[in-house]
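As provided, target38.cif (mmCIF, C-alpha atoms and all ligand atoms) reads as follows.
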data_upload
loop_
_atom_site.label_atom_id
_atom_site.label_comp_id
_atom_site.auth_asym_id
_atom_site.auth_seq_id
_atom_site.Cartn_x
_atom_site.Cartn_y
_atom_site.Cartn_z
CA MET A 688 -21.33 -3.94 19.42
CA GLU A 689 -20.24 -4.38 23.00
CA PHE A 690 -17.36 -2.60 24.69
CA ASN A 691 -14.81 -4.09 27.05
CA TYR A 692 -12.36 -2.45 29.41
CA LEU A 693 -8.83 -2.83 28.07
CA GLY A 694 -7.13 -4.80 30.83
CA ARG A 695 -7.13 -2.94 34.12
CA SER A 696 -7.37 0.45 32.40
CA GLY A 697 -10.48 2.59 32.20
CA LEU A 698 -10.33 2.57 28.39
CA LYS A 699 -13.28 0.89 26.65
CA ILE A 700 -12.73 -0.72 23.28
CA SER A 701 -15.17 -2.44 20.93
CA GLU A 702 -15.33 -6.23 21.18
CA VAL A 703 -13.62 -6.44 17.77
CA GLY A 704 -10.94 -4.14 16.40
CA LEU A 705 -10.14 -3.26 12.79
CA GLY A 706 -6.62 -3.96 11.53
CA ALA A 707 -5.14 -1.44 9.11
CA MET A 708 -2.29 -3.63 7.82
CA THR A 709 -3.91 -3.99 4.37
CA PHE A 710 -4.51 -0.23 3.99
CA GLY A 711 -2.65 1.16 0.98
CA ARG A 712 -1.54 -2.38 0.07
CA GLU A 713 -4.20 -5.00 -0.68
CA SER A 714 -6.93 -2.37 -0.19
CA ASP A 715 -6.48 1.03 -1.85
CA GLU A 716 -7.28 4.27 -0.03
CA GLU A 717 -10.88 4.51 -1.21
CA LEU A 718 -11.64 0.93 -0.15
CA SER A 719 -9.78 1.36 3.14
CA HIS A 720 -11.87 4.44 3.97
CA ARG A 721 -15.07 2.55 3.12
CA MET A 722 -13.95 -0.29 5.40
CA LEU A 723 -13.31 2.18 8.22
CA ASP A 724 -16.77 3.69 7.64
CA ALA A 725 -18.36 0.22 7.74
CA PHE A 726 -16.51 -0.60 10.95
CA VAL A 727 -17.62 2.54 12.82
CA ASP A 728 -21.15 2.22 11.39
CA LYS A 729 -21.24 -1.21 13.03
CA GLY A 730 -20.22 0.46 16.31
CA GLY A 731 -16.48 -0.30 16.35
CA ASN A 732 -14.01 2.18 17.84
CA PHE A 733 -10.68 0.29 18.06
CA ILE A 734 -8.30 0.59 15.09
CA ASP A 735 -4.84 -1.00 14.95
CA THR A 736 -1.95 0.10 12.75
CA ALA A 737 1.87 0.26 12.97
CA ASP A 738 4.68 2.57 11.91
CA VAL A 739 5.96 -0.15 9.56
CA TYR A 740 2.71 -1.03 7.75
CA GLY A 741 3.11 0.23 4.23
CA PRO A 742 5.70 1.32 5.48
CA GLY A 743 3.97 4.45 6.74
CA THR A 744 1.19 4.26 4.15
CA SER A 745 -1.26 2.56 6.50
CA GLU A 746 -0.96 5.40 9.03
CA GLU A 747 -1.27 8.02 6.26
CA VAL A 748 -4.41 6.40 4.82
CA LEU A 749 -5.88 6.14 8.31
CA GLY A 750 -4.84 9.72 9.10
CA ARG A 751 -6.64 11.17 6.09
CA TRP A 752 -9.81 9.32 7.16
CA LEU A 753 -9.38 10.46 10.78
CA SER A 754 -9.26 14.12 9.69
CA GLY A 755 -12.97 13.96 8.87
CA ARG A 756 -13.93 12.30 12.16
CA ASP A 757 -14.35 13.18 15.81
CA ARG A 758 -11.01 11.94 17.14
CA GLU A 759 -12.45 11.39 20.62
CA ASP A 760 -14.82 8.69 19.32
CA LEU A 761 -11.92 6.48 18.29
CA VAL A 762 -9.21 4.42 19.95
CA VAL A 763 -6.19 4.46 17.65
CA ALA A 764 -3.40 1.99 18.34
CA THR A 765 0.00 1.92 16.66
CA LYS A 766 3.35 0.19 17.22
CA VAL A 767 7.07 0.76 17.39
CA ARG A 768 10.09 -1.53 17.14
CA PHE A 769 10.63 -2.82 13.59
CA PRO A 770 12.91 -0.95 11.13
CA THR A 771 11.64 2.33 9.71
CA GLY A 772 14.88 2.99 7.81
CA GLU A 773 18.33 1.65 7.04
CA GLY A 774 20.24 3.41 9.84
CA PRO A 775 21.45 1.68 13.01
CA ASN A 776 19.02 3.74 15.12
CA ASP A 777 16.01 3.32 12.82
CA VAL A 778 14.97 0.17 14.69
CA GLY A 779 14.43 -1.13 18.20
CA LEU A 780 13.19 0.18 21.50
CA SER A 781 15.86 2.76 22.34
CA ARG A 782 14.83 6.21 23.57
CA LYS A 783 16.04 7.68 20.28
CA HIS A 784 14.05 5.36 18.03
CA ILE A 785 10.86 5.28 20.12
CA ILE A 786 10.63 9.08 20.11
CA ALA A 787 11.43 9.33 16.38
CA SER A 788 8.90 6.62 15.55
CA VAL A 789 6.10 8.17 17.61
CA GLU A 790 6.77 11.63 16.11
CA GLY A 791 6.50 10.01 12.67
CA SER A 792 3.29 8.19 13.56
CA LEU A 793 1.68 11.37 14.92
CA ARG A 794 2.64 13.24 11.75
CA ARG A 795 1.28 10.53 9.44
CA LEU A 796 -1.89 10.05 11.49
CA GLY A 797 -2.43 13.82 11.64
CA THR A 798 -3.26 13.63 15.32
CA ASP A 799 -1.57 14.91 18.47
CA TYR A 800 -1.92 11.67 20.43
CA VAL A 801 -2.25 7.93 19.96
CA ASP A 802 -4.50 6.04 22.34
CA LEU A 803 -2.41 2.90 22.57
CA LEU A 804 1.31 2.62 21.76
CA GLN A 805 2.46 -1.01 21.58
CA ILE A 806 6.00 -2.31 21.45
CA HIS A 807 5.89 -4.60 18.40
CA CYS A 808 8.35 -7.20 19.70
CA TRP A 809 11.20 -7.80 22.13
CA ASP A 810 14.45 -5.83 21.67
CA ARG A 811 17.30 -7.73 23.24
CA GLY A 812 19.73 -4.81 22.82
CA THR A 813 17.97 -2.09 24.81
CA PRO A 814 17.67 -2.03 28.62
CA ILE A 815 14.03 -2.48 29.64
CA GLU A 816 14.30 0.54 31.95
CA GLU A 817 15.25 2.77 28.99
CA THR A 818 12.27 1.57 26.97
CA LEU A 819 9.77 1.80 29.82
CA SER A 820 10.88 5.23 31.05
CA THR A 821 10.69 6.61 27.49
CA LEU A 822 7.22 5.15 26.93
CA SER A 823 6.08 6.49 30.29
CA ARG A 824 7.41 9.95 29.42
CA LEU A 825 5.34 9.92 26.21
CA VAL A 826 2.25 9.29 28.35
CA ALA A 827 3.21 12.15 30.69
CA ASP A 828 3.75 14.42 27.66
CA GLY A 829 0.23 13.64 26.39
CA LYS A 830 1.44 12.05 23.14
CA VAL A 831 0.25 8.58 24.16
CA ARG A 832 -2.66 7.59 26.39
CA TYR A 833 -1.92 3.89 27.16
CA LEU A 834 0.91 1.42 26.63
CA GLY A 835 0.82 -2.14 25.36
CA SER A 836 3.00 -4.87 23.90
CA SER A 837 2.92 -7.43 21.13
CA ASN A 838 4.62 -10.71 20.19
CA LEU A 839 6.42 -11.22 23.50
CA ARG A 840 7.13 -14.52 25.20
CA GLY A 841 5.54 -14.98 28.61
CA TRP A 842 8.72 -14.30 30.57
CA GLN A 843 9.43 -11.18 28.52
CA LEU A 844 5.99 -9.73 29.19
CA GLN A 845 6.31 -10.56 32.89
CA LYS A 846 9.72 -8.86 32.97
CA TYR A 847 8.30 -5.65 31.48
CA LEU A 848 5.40 -5.66 33.93
CA ASP A 849 7.61 -6.31 36.97
CA THR A 850 10.21 -3.75 35.92
CA ALA A 851 7.56 -1.06 35.35
CA ARG A 852 6.29 -1.67 38.89
CA ALA A 853 9.80 -1.71 40.36
CA ILE A 854 10.85 1.61 38.82
CA GLY A 855 7.43 3.24 39.24
CA VAL A 856 6.52 3.94 35.61
CA GLU A 857 3.53 3.16 33.39
CA GLY A 858 3.16 -0.53 32.55
CA PHE A 859 1.34 -2.30 29.73
CA VAL A 860 -2.46 -2.45 29.83
CA SER A 861 -2.70 -4.75 26.80
CA HIS A 862 -0.88 -7.43 24.87
CA GLN A 863 -1.31 -8.27 21.17
CA PRO A 864 -0.34 -11.89 20.47
CA GLN A 865 -1.14 -14.02 17.47
CA TYR A 866 -4.03 -16.12 18.76
CA ASN A 867 -6.45 -18.28 16.81
CA LEU A 868 -7.43 -21.94 16.39
CA LEU A 869 -4.04 -22.58 14.77
CA ALA A 870 -2.02 -20.75 17.44
CA ARG A 871 -2.98 -22.45 20.69
CA PRO A 872 0.56 -22.35 22.24
CA THR A 873 -0.17 -18.67 22.94
CA GLU A 874 -2.33 -20.00 25.78
CA TRP A 875 0.50 -21.87 27.48
CA GLU A 876 2.35 -18.90 28.85
CA VAL A 877 1.43 -15.58 27.21
CA LEU A 878 -2.28 -15.72 27.97
CA ALA A 879 -1.53 -17.15 31.41
CA VAL A 880 0.56 -14.04 32.23
CA CYS A 881 -2.12 -11.73 30.82
CA GLN A 882 -4.83 -13.33 32.93
CA ALA A 883 -2.73 -13.37 36.10
CA GLU A 884 -1.74 -9.71 35.61
CA GLY A 885 -5.04 -8.31 34.30
CA VAL A 886 -3.51 -7.39 30.94
CA GLY A 887 -6.05 -7.02 28.12
CA VAL A 888 -5.60 -9.30 25.10
CA VAL A 889 -6.16 -8.02 21.55
CA PRO A 890 -5.21 -10.97 19.30
CA TRP A 891 -3.99 -10.51 15.73
CA ALA A 892 -4.78 -12.88 12.85
CA PRO A 893 -8.03 -14.40 14.14
CA LEU A 894 -8.28 -16.14 10.71
CA ARG A 895 -4.56 -16.91 10.40
CA GLY A 896 -4.40 -14.92 7.20
CA GLY A 897 -7.41 -16.72 5.68
CA TRP A 898 -6.68 -20.33 6.68
CA LEU A 899 -9.65 -20.25 9.07
CA SER A 900 -12.06 -18.50 6.68
CA GLY A 901 -13.25 -21.73 5.06
CA ARG A 902 -12.03 -20.66 1.60
CA TYR A 903 -9.21 -23.21 1.38
CA SER A 904 -9.58 -26.98 0.91
CA ARG A 905 -7.28 -29.99 0.96
CA ASN A 906 -7.45 -30.67 -2.76
CA MET A 907 -6.62 -27.10 -3.90
CA GLY A 908 -2.89 -27.78 -3.89
CA GLY A 909 -2.03 -24.17 -3.04
CA ALA A 910 -3.41 -20.66 -2.61
CA PRO A 911 -4.30 -18.42 -5.58
CA ASP A 912 -2.06 -15.59 -6.74
CA GLY A 913 -2.70 -12.36 -4.88
CA SER A 914 -4.04 -14.07 -1.76
CA ARG A 915 -2.38 -13.51 1.61
CA ILE A 916 -1.31 -17.15 1.80
CA LYS A 917 0.42 -16.91 -1.59
CA THR A 918 1.95 -13.49 -0.85
CA ALA A 919 3.32 -14.86 2.42
CA GLU A 920 5.83 -16.98 0.45
CA ASP A 921 7.38 -13.89 -1.21
CA GLU A 922 7.21 -11.73 1.93
CA GLY A 923 8.75 -14.35 4.20
CA TRP A 924 5.62 -14.44 6.39
CA SER A 925 4.73 -17.64 8.17
CA GLU A 926 1.15 -18.33 7.02
CA THR A 927 2.32 -20.21 3.90
CA TRP A 928 0.61 -23.18 2.25
CA ALA A 929 3.68 -25.33 2.90
CA ARG A 930 3.48 -24.70 6.63
CA TYR A 931 -0.25 -25.16 7.19
CA ASP A 932 -1.23 -27.82 4.63
CA THR A 933 -1.44 -30.44 7.39
CA ASP A 934 -3.99 -32.91 8.78
CA HIS A 935 -4.18 -30.74 11.91
CA THR A 936 -5.23 -27.66 9.89
CA TRP A 937 -7.78 -29.56 7.79
CA ALA A 938 -9.32 -31.18 10.87
CA ILE A 939 -9.91 -27.69 12.29
CA VAL A 940 -11.30 -26.41 8.97
CA ASP A 941 -13.67 -29.42 8.79
CA GLU A 942 -14.97 -28.68 12.29
CA LEU A 943 -15.33 -24.96 11.52
CA ARG A 944 -17.41 -25.77 8.44
CA ALA A 945 -19.57 -28.25 10.37
CA VAL A 946 -20.24 -25.79 13.22
CA ALA A 947 -20.92 -22.98 10.73
CA THR A 948 -23.50 -25.11 8.91
CA GLU A 949 -25.20 -26.06 12.18
CA LEU A 950 -25.36 -22.41 13.31
CA ASP A 951 -26.20 -21.02 9.85
CA ALA A 952 -23.12 -18.82 9.99
CA HIS A 953 -19.93 -18.33 7.95
CA PRO A 954 -16.84 -20.36 8.97
CA ALA A 955 -14.88 -17.08 9.32
CA GLN A 956 -17.45 -15.81 11.82
CA ILE A 957 -17.15 -19.02 13.84
CA ALA A 958 -13.34 -18.79 13.91
CA ILE A 959 -13.49 -15.14 15.04
CA ARG A 960 -16.16 -15.96 17.60
CA TRP A 961 -14.00 -18.76 19.04
CA VAL A 962 -11.24 -16.20 19.71
CA MET A 963 -13.71 -13.65 21.13
CA GLN A 964 -15.17 -16.17 23.56
CA ARG A 965 -11.89 -17.62 24.86
CA PRO A 966 -10.93 -16.70 28.46
CA GLY A 967 -9.09 -13.41 28.86
CA VAL A 968 -9.63 -12.13 25.30
CA THR A 969 -10.67 -8.46 25.06
CA ALA A 970 -11.04 -7.95 21.30
CA PRO A 971 -9.57 -9.76 18.27
CA ILE A 972 -8.30 -7.47 15.50
CA LEU A 973 -10.08 -8.21 12.23
CA GLY A 974 -8.24 -8.25 8.91
CA ALA A 975 -9.77 -8.00 5.44
CA SER A 976 -8.60 -7.23 1.91
CA LYS A 977 -12.13 -6.85 0.49
CA MET A 978 -15.33 -5.19 1.68
CA GLU A 979 -17.29 -8.46 1.46
CA GLN A 980 -14.79 -10.11 3.79
CA LEU A 981 -15.09 -7.32 6.34
CA GLU A 982 -18.88 -7.49 6.21
CA ILE A 983 -18.78 -11.23 6.87
CA ASN A 984 -16.21 -10.84 9.65
CA LEU A 985 -18.13 -8.04 11.38
CA GLY A 986 -21.12 -10.41 11.45
CA ALA A 987 -19.25 -12.28 14.21
CA VAL A 988 -20.56 -9.73 16.73
CA ASP A 989 -24.15 -10.74 15.90
CA ILE A 990 -23.80 -14.45 16.65
CA GLU A 991 -22.93 -16.53 19.68
CA VAL A 992 -21.28 -19.94 19.75
CA GLY A 993 -22.63 -22.19 22.50
CA GLN A 994 -20.42 -24.16 24.86
CA ASP A 995 -20.87 -27.48 23.00
CA HIS A 996 -19.72 -25.97 19.74
CA MET A 997 -16.88 -24.10 21.47
CA ASP A 998 -15.75 -27.40 23.03
CA ARG A 999 -15.76 -29.15 19.65
CA LEU A 1000 -13.57 -26.44 18.10
CA THR A 1001 -11.26 -26.42 21.09
CA ALA A 1002 -10.92 -30.22 20.92
CA ALA A 1003 -10.25 -30.19 17.15
CA SER A 1004 -7.45 -27.63 17.58
CA GLU A 1005 -5.86 -29.23 20.67
CA LEU A 1006 -2.13 -29.92 20.47
CA ASP A 1007 0.09 -32.32 22.31
CA VAL A 1008 1.07 -30.07 25.24
CA PRO A 1009 4.80 -30.28 26.02
CA TYR A 1010 6.54 -30.10 29.39
CA PRO A 1011 6.39 -27.87 31.44
CA TYR A 1012 2.87 -26.94 30.32
CA ASP A 1013 1.56 -30.49 30.52
CA ASP A 1014 -0.79 -32.29 32.91
CA PHE A 1015 2.00 -33.41 35.23
CA ILE A 1016 2.85 -29.83 36.19
CA GLU A 1017 -0.77 -28.65 36.11
CA SER A 1018 -1.85 -31.34 38.59
CA ALA A 1019 1.17 -30.71 40.84
CA GLN A 1020 0.07 -27.08 41.06
CA HIS A 1021 -3.33 -28.19 42.25
CA GLY A 1022 -1.81 -30.38 44.96
CA ARG A 1023 -2.76 -33.66 43.29
N1 LIG A 1101 1.31 -7.42 16.09
C1 LIG A 1101 1.66 -8.03 14.99
O1 LIG A 1101 2.81 -8.46 14.82
C2 LIG A 1101 0.64 -8.20 13.91
C3 LIG A 1101 0.89 -9.10 12.84
C4 LIG A 1101 -0.08 -9.21 11.86
C5 LIG A 1101 -1.27 -8.49 11.96
N2 LIG A 1101 -1.48 -7.62 12.99
C6 LIG A 1101 -2.71 -6.82 13.13
O2 LIG A 1101 -3.83 -7.67 13.08
C7 LIG A 1101 -4.68 -7.32 12.00
C8 LIG A 1101 -5.32 -8.57 11.44
O3 LIG A 1101 -4.32 -9.53 11.07
P1 LIG A 1101 -4.50 -10.44 9.81
O4 LIG A 1101 -4.71 -9.57 8.61
O5 LIG A 1101 -3.38 -11.41 9.77
O6 LIG A 1101 -5.90 -11.14 10.16
P2 LIG A 1101 -6.61 -12.45 9.61
O7 LIG A 1101 -8.06 -12.24 9.85
O8 LIG A 1101 -6.00 -13.66 10.17
O9 LIG A 1101 -6.30 -12.46 8.04
C9 LIG A 1101 -6.86 -11.50 7.19
C10 LIG A 1101 -6.77 -12.01 5.74
O10 LIG A 1101 -7.54 -13.20 5.60
C11 LIG A 1101 -8.31 -13.15 4.40
N3 LIG A 1101 -9.74 -13.03 4.80
C12 LIG A 1101 -10.23 -12.23 5.78
N4 LIG A 1101 -11.56 -12.39 5.90
C13 LIG A 1101 -11.91 -13.33 5.00
C14 LIG A 1101 -13.14 -13.92 4.68
N5 LIG A 1101 -14.28 -13.58 5.31
N6 LIG A 1101 -13.17 -14.86 3.71
C15 LIG A 1101 -12.01 -15.22 3.06
N7 LIG A 1101 -10.80 -14.68 3.32
C16 LIG A 1101 -10.75 -13.74 4.30
C17 LIG A 1101 -7.83 -11.92 3.63
O11 LIG A 1101 -6.69 -12.30 2.86
P3 LIG A 1101 -6.67 -12.30 1.25
O12 LIG A 1101 -5.74 -11.20 0.88
O13 LIG A 1101 -6.13 -13.63 0.89
O14 LIG A 1101 -8.06 -12.04 0.74
C18 LIG A 1101 -7.37 -11.01 4.78
O15 LIG A 1101 -6.45 -10.04 4.39
C19 LIG A 1101 -3.76 -6.56 11.02
O16 LIG A 1101 -4.45 -5.66 10.18
C20 LIG A 1101 -2.87 -5.81 12.00
O17 LIG A 1101 -3.54 -4.66 12.48
C21 LIG A 1101 -0.52 -7.48 13.97
#

Would you put the structure from the file into structure tokens?
Amino acid sequence: MEFNYLGRSGLKISEVGLGAMTFGRESDEELSHRMLDAFVDKGGNFIDTADVYGPGTSEEVLGRWLSGRDREDLVVATKVRFPTGEGPNDVGLSRKHIIASVEGSLRRLGTDYVDLLQIHCWDRGTPIEETLSTLSRLVADGKVRYLGSSNLRGWQLQKYLDTARAIGVEGFVSHQPQYNLLARPTEWEVLAVCQAEGVGVVPWAPLRGGWLSGRYSRNMGGAPDGSRIKTAEDEGWSETWARYDTDHTWAIVDELRAVATELDAHPAQIAIRWVMQRPGVTAPILGASKMEQLEINLGAVDIEVGQDHMDRLTAASELDVPYPYDDFIESAQHGR
């Protein structure tokens, strides 16, 4: 396992992270703890959860595992923004909710600090200065070590970074976007900001909920009960069969399978590797509902995908790039 600096910070995180979203849901506590053991045995140190996973259960399950570990060996990331209750102040990025959420996370995790606190999404109702000064205060108080963001548009991320500089408070060292072979628009603006600003990138859903694992085929007609893709319909998540059962998806899956066969690897490993090897990426966050899946996915750190194979996957997943991200603007920027 290799370690990368998280953005321009001095924090080193493993080249893949472990996502805790399934803990206490698809994977019970015993399995979740075994998955955490397998991850650290492989050399991983970066674990991602959120106040709303479970809700709360993911942090509790992780916290009970953490209590038997040397806390300093691990980089624990959590998030704040989505609703933790029914009340008007149980949501968002206000001073009141951020502090309440972090106190709750610390209690559930059984720790006195989190390494990385990420805002889960934009909050149009709260002044950026209020959010940033509160986050910065949590760092000064020793409850949080580093700050990051997730799910922002490019201009929103830039606005946070510029405002932090302007008012002299801590800015974000990392960003957590959805990024995978089926989410290339993330490159157009979000990754461009991250690269220009030296913000680390820790993508979620490297397998798009299983679509890029090689387990689904054109003729299946739908995903089996209990799978993430099936559950997505009931939960209102976006990785549904209806959305991704397209020629574009199947062309990517075909190429993943072909590259996997040529490299004697699993398609899931190739999909994860593609994310790991893309410019600016620090560490994708792995998801798994079963131990076998995690073992396969962790195998991504043991392989390498050469440039020819990377190019084939990149070409298969290319989209028609709209204005103002298209060639016309790109070439104007280069004086052509
Ligand atoms: N910031 C955010 O808004 C956000 C959003 C989502 C996730 N995240 C973070 O990112 C982490 C990973 O996200 P994700 O769970 O969506 O990742 P993902 O890797 O795209 O999807 C994981 C799911 O794919 C299936 N799968 C995984 N490995 C497989 C394999 N080898 N073979 C076949 N199927 C496989 C499993 O679903 P089945 O149940 O069908 O087996 C698994 O639960 C989360 O735990 C969380 O920490 C963040």

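Take the candidates A:Ala787, A:Leu749, A:Met708, A:Val767 and check each one against ligand LIG 1101 (chain A) using all atoms listed in the file; the shortest distance goes to A:Met708.
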
Inset, instruction - Step by step, measure atom-to-atom distances between ligand LIG 1101 (chain A) and each residue using all atoms listed in the file, keep those at most 6 Å, then write them as a PyMOL selection string. - result: chain A and resi 706-708+735-736+807+837+863+891-897+900+902+914-915+955+972-976+980+983-984

Inset, instruction - Would you list the residues near (0.0, 4.7, 26.7), meaning any protein, DNA or RNA residue with an atom at most 10 Å from that point in file coordinates, counting all atoms listed in the file, as a ChimeraX atom specification? - result: /A:764,800-805,822-827,829-835,857-861

Hey, can you spit out that residue selection with C-alpha atoms as a compact mmCIF listing (two decimals), in the coordinates of the input?
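Listing of selection-v8.txt after writing:
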# COMPACT_ATOMS: atom_id res chain seq x y z
CA ALA A 764 -3.40 1.99 18.34
CA TYR A 800 -1.92 11.67 20.43
CA VAL A 801 -2.25 7.93 19.96
CA ASP A 802 -4.50 6.04 22.34
CA LEU A 803 -2.41 2.90 22.57
CA LEU A 804 1.31 2.62 21.76
CA GLN A 805 2.46 -1.01 21.58
CA LEU A 822 7.22 5.15 26.93
CA SER A 823 6.08 6.49 30.29
CA ARG A 824 7.41 9.95 29.42
CA LEU A 825 5.34 9.92 26.21
CA VAL A 826 2.25 9.29 28.35
CA ALA A 827 3.21 12.15 30.69
CA GLY A 829 0.23 13.64 26.39
CA LYS A 830 1.44 12.05 23.14
CA VAL A 831 0.25 8.58 24.16
CA ARG A 832 -2.66 7.59 26.39
CA TYR A 833 -1.92 3.89 27.16
CA LEU A 834 0.91 1.42 26.63
CA GLY A 835 0.82 -2.14 25.36
CA GLU A 857 3.53 3.16 33.39
CA GLY A 858 3.16 -0.53 32.55
CA PHE A 859 1.34 -2.30 29.73
CA VAL A 860 -2.46 -2.45 29.83
CA SER A 861 -2.70 -4.75 26.80

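Between CA of Trp809 in chain A and CA of Leu844 in chain A there is a distance of 9.0 Å.
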
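Residues near the point (-10.5, -0.7, 18.4), at a distance of 7 Å or less over only C-alpha atoms, make up A:Ile700, A:Ser701, A:Val703, A:Gly704, A:Leu705, A:Gly731, A:Asn732, A:Phe733, A:Ile734, A:Asp735, A:Val762, A:Val763.
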
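We find CA of Arg871 in chain A and CA of Val1008 in chain A to be spaced 9.8 Å apart.
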
Box centre and edge lengths (Å, one decimal), axis-aligned, range 759-766 of chain A plus 4 Å each side, as JSON:
{"center_x": -5.7, "center_y": 5.8, "center_z": 18.6, "size_x": 26.2, "size_y": 19.2, "size_z": 12.0}

Legend entry - Length of the CA of Trp924 in chain A to CA of Gly986 in chain A vector [Å]: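 Spanning CA of Trp924 in chain A to CA of Gly986 in chain A is a straight-line distance of 27.5 Å.
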
At a cut-off of 9 Å, using all atoms listed in the file, what residues contact Ile854 in chain A? Leave out same-chain residues fewer than 4 positions from it and give the result as a tab-separated table (two decimals) with C-alpha atoms, in the coordinates of the input.
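Output (part.tsv):
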chain	number	residue	atom	x	y	z
A	816	GLU	CA	14.30	0.54	31.95
A	820	SER	CA	10.88	5.23	31.05
A	849	ASP	CA	7.61	-6.31	36.97
A	850	THR	CA	10.21	-3.75	35.92

Inset, instruction - Could you tell me which of A:Gly909, A:Gly743, A:Pro1009, A:Pro971 comes closest to Val789 in chain A if we count only C-alpha atoms? - result: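 Of all the options, A:Gly743 lies closest to Val789 in chain A.
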
Legend entry - Best match for closeness to Ala938 in chain A among A:Thr1001, A:Ser925, A:Gln964, A:Asn691, counting all atoms listed in the file: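 So, comparing all the options, the nearest one is A:Thr1001.
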
Inset, instruction - Rank nothing, just name the residue among A:Tyr692, A:Trp898, A:Trp752, A:Phe1015 nearest to Val727 in chain A, using all atoms listed in the file. - result: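 Of the candidates, the smallest distance to Val727 in chain A is held by A:Trp752.
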
Legend entry - Closest of A:Ala851, A:Ile785, A:Gly791, A:Gly797 to Ile815 in chain A - atom-to-atom distances counting only C-alpha atoms: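 Residue with the minimum atom-to-atom distance to Ile815 in chain A: A:Ala851.
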
Legend entry - Shell of 9 Å around Gly812 in chain A, all atoms listed in the file, local chain residues under 3 positions omitted, as a PyMOL selection string: chain A and resi 779-781

Legend entry - Residue among A:Ile939, A:Leu753, A:Ala737, A:Leu868 lying closest to Ile806 in chain A, counting all atoms listed in the file: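 Closest to Ile806 in chain A, using all atoms listed in the file: A:Ala737.
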
Got a sec: who's within 7 Å of Val880 in chain A, counting all atoms listed in the file, leaving out chain neighbours fewer than 3 positions off, as a compact mmCIF listing (two decimals) with C-alpha atoms, in the coordinates of the input?
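Okay, this is what ended up in result.txt:
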# COMPACT_ATOMS: atom_id res chain seq x y z
CA GLY A 841 5.54 -14.98 28.61
CA GLN A 845 6.31 -10.56 32.89
CA GLU A 876 2.35 -18.90 28.85
CA VAL A 877 1.43 -15.58 27.21
CA ALA A 883 -2.73 -13.37 36.10
CA GLU A 884 -1.74 -9.71 35.61
